[in-house]
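**Q** This one is data_11.txt, compact mmCIF, C-alpha atoms.
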```
# COMPACT_ATOMS: atom_id res chain seq x y z
CA MET A 1 -15.12 25.72 -54.06
CA ALA A 2 -15.72 27.60 -50.82
CA ALA A 3 -18.20 24.92 -49.70
CA LEU A 4 -15.57 22.25 -50.20
CA SER A 5 -13.00 24.01 -48.06
CA LEU A 6 -15.61 24.67 -45.32
CA SER A 7 -16.46 20.96 -45.30
CA ASP A 8 -12.77 20.03 -45.17
CA SER A 9 -12.28 22.46 -42.30
CA ARG A 10 -15.19 20.95 -40.34
CA HIS A 11 -13.92 17.45 -41.02
CA ARG A 12 -10.41 18.39 -39.84
CA THR A 13 -11.85 20.04 -36.70
CA ALA A 14 -13.95 16.95 -35.91
CA ILE A 15 -10.93 14.68 -36.27
CA LEU A 16 -8.80 16.93 -34.05
CA ALA A 17 -11.58 17.09 -31.44
CA PHE A 18 -11.89 13.30 -31.47
CA LEU A 19 -8.12 12.84 -31.15
CA GLY A 20 -8.02 15.36 -28.29
CA ALA A 21 -10.83 13.55 -26.45
CA ALA A 22 -9.13 10.18 -26.99
CA ALA A 23 -5.84 11.57 -25.66
CA MET A 24 -7.57 12.98 -22.56
CA LEU A 25 -9.27 9.63 -21.96
CA GLY A 26 -5.92 7.86 -22.24
CA VAL A 27 -4.31 10.27 -19.78
CA GLY A 28 -7.24 9.71 -17.42
CA PHE A 29 -6.73 5.95 -17.45
CA ALA A 30 -2.97 6.29 -17.05
CA ALA A 31 -3.22 8.75 -14.14
CA VAL A 32 -4.05 6.19 -11.45
CA PRO A 33 -1.24 3.72 -12.23
CA LEU A 34 1.23 6.56 -12.76
CA TYR A 35 0.25 8.17 -9.43
CA ARG A 36 0.52 4.79 -7.68
CA LEU A 37 3.98 4.26 -9.19
CA PHE A 38 5.05 7.77 -8.13
CA CYS A 39 3.86 7.12 -4.55
CA GLN A 40 5.60 3.74 -4.38
CA VAL A 41 8.89 5.15 -5.60
CA THR A 42 8.89 8.25 -3.41
CA GLY A 43 6.87 7.16 -0.36
CA PHE A 44 4.58 10.11 -1.06
CA ALA A 45 1.38 10.22 1.04
CA GLY A 46 2.69 7.54 3.37
CA THR A 47 2.98 4.85 0.71
CA THR A 48 5.22 2.05 1.91
CA GLN A 49 7.95 0.44 -0.16
CA ARG A 50 8.25 -3.18 -1.38
CA ALA A 51 11.52 -4.96 -0.73
CA THR A 52 13.13 -8.30 -1.43
CA GLU A 53 14.87 -10.62 1.03
CA SER A 54 18.24 -9.47 -0.33
CA ASP A 55 17.26 -5.81 0.24
CA ALA A 56 16.34 -6.75 3.82
CA ALA A 57 19.65 -8.55 4.38
CA ILE A 58 21.58 -5.47 3.25
CA ALA A 59 19.49 -3.19 5.48
CA GLU A 60 20.04 -5.53 8.42
CA ARG A 61 23.83 -5.36 7.99
CA ILE A 62 23.71 -1.55 7.75
CA GLY A 63 21.42 -1.34 10.78
CA ARG A 64 23.76 -3.48 12.86
CA SER A 65 26.74 -1.36 11.88
CA ALA A 66 24.78 1.79 12.85
CA GLY A 67 24.15 0.39 16.33
CA ALA A 68 20.57 -0.64 15.42
CA PRO A 69 18.57 2.05 17.21
CA THR A 70 14.93 1.16 17.75
CA ILE A 71 11.63 2.67 16.73
CA SER A 72 8.09 1.99 17.90
CA VAL A 73 5.71 0.66 15.24
CA ARG A 74 1.97 0.93 15.87
CA PHE A 75 -0.52 -1.20 13.93
CA ASP A 76 -3.99 0.00 13.00
CA ALA A 77 -6.71 -2.06 11.33
CA THR A 78 -10.17 -1.04 10.11
CA VAL A 79 -12.86 -2.50 7.89
CA ALA A 80 -14.74 -0.45 5.31
CA PRO A 81 -18.54 -0.39 5.48
CA GLY A 82 -20.10 -3.32 3.63
CA LEU A 83 -17.37 -5.84 4.45
CA PRO A 84 -18.67 -8.29 7.08
CA TRP A 85 -15.26 -8.94 8.64
CA ASP A 86 -13.54 -8.37 11.93
CA PHE A 87 -9.94 -7.28 11.40
CA LYS A 88 -7.33 -6.39 14.00
CA PRO A 89 -3.62 -6.63 14.80
CA GLU A 90 -2.57 -9.33 17.27
CA GLN A 91 -0.28 -6.78 18.89
CA VAL A 92 -1.00 -3.04 18.71
CA THR A 93 2.61 -1.85 19.08
CA GLU A 94 6.07 -3.30 18.99
CA THR A 95 9.58 -1.96 19.16
CA SER A 96 11.71 -2.78 16.13
CA ALA A 97 15.41 -2.33 15.55
CA ILE A 98 15.97 -0.14 12.51
CA GLY A 99 17.17 -2.26 9.61
CA GLN A 100 16.07 -5.54 11.20
CA ARG A 101 13.28 -7.67 9.75
CA ASP A 102 10.23 -7.93 11.95
CA MET A 103 6.83 -9.52 11.63
CA ALA A 104 3.39 -8.31 12.59
CA ILE A 105 0.34 -10.56 12.56
CA PHE A 106 -3.17 -9.37 11.72
CA VAL A 107 -6.29 -11.45 12.31
CA ALA A 108 -9.31 -11.37 9.99
CA ARG A 109 -12.62 -13.17 10.44
CA ASN A 110 -15.48 -13.46 7.94
CA ASN A 111 -18.70 -13.04 9.93
CA SER A 112 -21.00 -13.77 7.00
CA ASP A 113 -22.52 -17.01 5.74
CA GLN A 114 -20.82 -16.79 2.33
CA PRO A 115 -17.28 -16.46 1.01
CA VAL A 116 -16.13 -12.84 0.84
CA THR A 117 -13.07 -11.44 -0.93
CA GLY A 118 -11.38 -8.37 0.47
CA THR A 119 -8.46 -6.20 -0.50
CA ALA A 120 -6.40 -4.06 1.85
CA THR A 121 -5.27 -0.50 1.34
CA PHE A 122 -2.45 0.80 3.49
CA ASN A 123 -0.29 3.73 4.45
CA VAL A 124 2.07 4.87 7.17
CA GLU A 125 2.18 7.96 9.33
CA PRO A 126 4.02 10.22 9.52
CA GLU A 127 4.05 10.52 5.75
CA GLN A 128 7.83 10.96 5.50
CA ALA A 129 8.26 7.47 6.99
CA GLY A 130 6.70 5.91 3.87
CA ALA A 131 9.97 6.17 1.97
CA TYR A 132 11.71 4.06 4.66
CA PHE A 133 9.04 1.53 5.66
CA ASN A 134 9.67 -1.60 3.57
CA LYS A 135 7.39 -4.62 3.31
CA ILE A 136 8.93 -7.90 2.18
CA GLN A 137 5.76 -9.98 2.41
CA CYS A 138 2.23 -8.76 3.05
CA PHE A 139 -1.34 -9.97 2.80
CA CYS A 140 -2.02 -6.58 1.22
CA PHE A 141 -0.17 -7.57 -1.97
CA THR A 142 -3.09 -9.81 -3.04
CA GLU A 143 -6.84 -10.14 -2.51
CA GLN A 144 -7.89 -12.35 0.41
CA THR A 145 -10.92 -14.66 0.25
CA LEU A 146 -12.35 -15.95 3.52
CA LYS A 147 -14.93 -18.72 3.72
CA PRO A 148 -18.01 -18.29 5.92
CA GLY A 149 -16.90 -18.02 9.56
CA GLN A 150 -13.23 -18.48 8.64
CA GLU A 151 -10.60 -16.75 10.75
CA VAL A 152 -7.05 -16.34 9.47
CA ARG A 153 -3.78 -14.95 10.75
CA MET A 154 -2.08 -12.78 8.14
CA PRO A 155 1.59 -11.84 8.52
CA VAL A 156 3.41 -8.73 7.38
CA LEU A 157 7.19 -9.05 7.14
CA TYR A 158 8.80 -5.59 7.22
CA TYR A 159 11.77 -3.45 8.19
CA VAL A 160 12.56 0.24 8.56
CA ASP A 161 15.39 1.27 6.23
CA PRO A 162 18.50 2.55 8.06
CA LYS A 163 18.59 5.45 5.57
CA ALA A 164 15.88 6.96 7.79
CA LEU A 165 18.64 7.74 10.29
CA ASP A 166 20.21 10.17 7.78
CA ASP A 167 16.97 12.03 6.99
CA ALA A 168 16.50 15.27 8.96
CA ASP A 169 12.70 14.93 8.55
CA MET A 170 12.83 11.61 10.42
CA LYS A 171 14.98 12.92 13.29
CA ASP A 172 12.15 13.38 15.79
CA VAL A 173 10.01 10.43 14.66
CA GLU A 174 9.62 8.03 17.58
CA GLN A 175 6.71 5.98 16.27
CA ILE A 176 5.51 4.89 12.85
CA THR A 177 1.88 3.87 12.42
CA LEU A 178 1.10 1.23 9.79
CA SER A 179 -2.60 1.41 8.93
CA TYR A 180 -4.67 -1.04 6.92
CA THR A 181 -8.27 -0.81 5.77
CA PHE A 182 -9.92 -3.87 4.27
CA HIS A 183 -12.50 -3.21 1.53
CA LYS A 184 -14.79 -5.63 -0.26
CA ALA A 185 -13.08 -6.50 -3.54
CA ILE A 186 -14.84 -4.82 -6.46
CA ASP A 187 -14.91 -7.90 -8.68
CA SER A 188 -15.68 -10.39 -5.89
CA GLY A 189 -19.32 -10.76 -6.98
CA GLN A 190 -20.62 -10.89 -3.41
```
As structure tokens, please, write out the structure in this file.

**A**
Amino acid sequence: MAALSLSDSRHRTAILAFLGAAAMLGVGFAAVPLYRLFCQVTGFAGTTQRATESDAAIAERIGRSAGAPTISVRFDATVAPGLPWDFKPEQVTETSAIGQRDMAIFVARNNSDQPVTGTATFNVEPEQAGAYFNKIQCFCFTEQTLKPGQEVRMPVLYYVDPKALDDADMKDVEQITLSYTFHKAIDSGQ
């Protein structure tokens, strides 16, 4: 009888250990999307926000009613090692009215003799500006495939939310830097 209960105990322990390991694995897989969602919602770590055209129209009206102060936006572009591209902004800085839609153009060129797919990561500095920097359209929302020698102009349509004017942490911010780094897409097969 004692042997039976010892076997049952071991069996129960093995099942609990397996369930614990499976739960930890599930949490591990969920951590990245949950962290990304947290950053997108809060602007944490300089993560920019996504906006719609109607969001932009509302922000534009609010910005106009607030006198539409301006802010300098600096654009930074780098390429990760292993991606045979040139990548740069057409214009390094521009002055934007807060709340008003603006567009920046980035230029990418594939210097290799084969198609290459890249994906862009991005953030803004200072970090507190991430909650107010809204992108309506961006090449960074999808992977980009460039043919051999192909050069493309890639727009980013954005605005700075007028709510930034009410944030004490944004009071002394005179310039926001929008940085992109292009990486070779993991599943591109090149």

**Q** To one decimal place in Å, what is the distance between CA of Leu146 (chain A) and CA of Tyr180 (chain A)?

**A**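 Going from CA of Leu146 (chain A) over to CA of Tyr180 (chain A) covers 17.1 Å.
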
**Q** Which distance in Å separates CA of Asp102 (chain A) and CA of Ala164 (chain A), to one decimal?

**A**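 Separating CA of Asp102 (chain A) from CA of Ala164 (chain A) is a distance of 16.5 Å.
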
**Q** Could you make a table, as a tab-separated table, of the residues of region 116-162 of chain A that have an atom within 10 Å of an atom of region 47-64 of chain A, each with its nearest atom pair and distance in Å to one decimal, counting only C-alpha atoms, in chain and number order?

**A**
```
residue	atom	partner	partner_atom	distance
A:Thr121	CA	A:Thr47	CA	9.9
A:Phe122	CA	A:Thr47	CA	7.3
A:Asn123	CA	A:Thr47	CA	5.1
A:Val124	CA	A:Thr47	CA	6.5
A:Glu125	CA	A:Thr47	CA	9.2
A:Glu127	CA	A:Thr47	CA	7.7
A:Gln128	CA	A:Thr47	CA	9.2
A:Ala129	CA	A:Thr48	CA	8.0
A:Gly130	CA	A:Thr48	CA	4.6
A:Ala131	CA	A:Thr48	CA	6.3
A:Tyr132	CA	A:Gln49	CA	7.1
A:Phe133	CA	A:Thr48	CA	5.4
A:Asn134	CA	A:Gln49	CA	4.6
A:Lys135	CA	A:Arg50	CA	5.0
A:Ile136	CA	A:Ala51	CA	4.9
A:Gln137	CA	A:Arg50	CA	8.2
A:Cys138	CA	A:Arg50	CA	9.3
A:Phe141	CA	A:Arg50	CA	9.5
A:Leu157	CA	A:Ala51	CA	9.9
A:Tyr158	CA	A:Ala56	CA	8.4
A:Tyr159	CA	A:Ala56	CA	7.1
A:Val160	CA	A:Ala59	CA	8.3
A:Asp161	CA	A:Ala59	CA	6.1
A:Pro162	CA	A:Gly63	CA	5.6
```

**Q** Write to file, as a compact mmCIF listing (two decimals), in the frame of the given file, the residues of the selection just made, with C-alpha atoms.

**A**
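Result saved to result-v1.txt:
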```txt
# COMPACT_ATOMS: atom_id res chain seq x y z
CA THR A 121 -5.27 -0.50 1.34
CA PHE A 122 -2.45 0.80 3.49
CA ASN A 123 -0.29 3.73 4.45
CA VAL A 124 2.07 4.87 7.17
CA GLU A 125 2.18 7.96 9.33
CA GLU A 127 4.05 10.52 5.75
CA GLN A 128 7.83 10.96 5.50
CA ALA A 129 8.26 7.47 6.99
CA GLY A 130 6.70 5.91 3.87
CA ALA A 131 9.97 6.17 1.97
CA TYR A 132 11.71 4.06 4.66
CA PHE A 133 9.04 1.53 5.66
CA ASN A 134 9.67 -1.60 3.57
CA LYS A 135 7.39 -4.62 3.31
CA ILE A 136 8.93 -7.90 2.18
CA GLN A 137 5.76 -9.98 2.41
CA CYS A 138 2.23 -8.76 3.05
CA PHE A 141 -0.17 -7.57 -1.97
CA LEU A 157 7.19 -9.05 7.14
CA TYR A 158 8.80 -5.59 7.22
CA TYR A 159 11.77 -3.45 8.19
CA VAL A 160 12.56 0.24 8.56
CA ASP A 161 15.39 1.27 6.23
CA PRO A 162 18.50 2.55 8.06
```

**Q** What is the CA of Thr177 (chain A)-CA of Ser65 (chain A) distance in Å, reported with one decimal?

**A**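 If I compute the distance from CA of Thr177 (chain A) to CA of Ser65 (chain A), I get 25.4 Å.
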
**Q** Need to verify the contact set: region 73-83 of chain A, 10 Å, all atoms listed in the file, exclusion of same-chain residues closer than 4 positions in sequence. Can you return it as JSON, numbers by chain?

**A** {"A": [87, 88, 89, 90, 91, 92, 93, 94, 95, 96, 104, 105, 106, 107, 108, 110, 111, 112, 116, 117, 118, 120, 122, 124, 125, 160, 174, 175, 176, 177, 178, 179, 180, 181, 182, 183, 184, 185, 190]}

**Q** Return the single residue from A:Leu16, A:Ala68, A:Met154, A:Ala22 that is closest to Arg101 (chain A), with distances computed using all atoms listed in the file.

**A**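 For Arg101 (chain A), the nearest of the given residues is A:Ala68.
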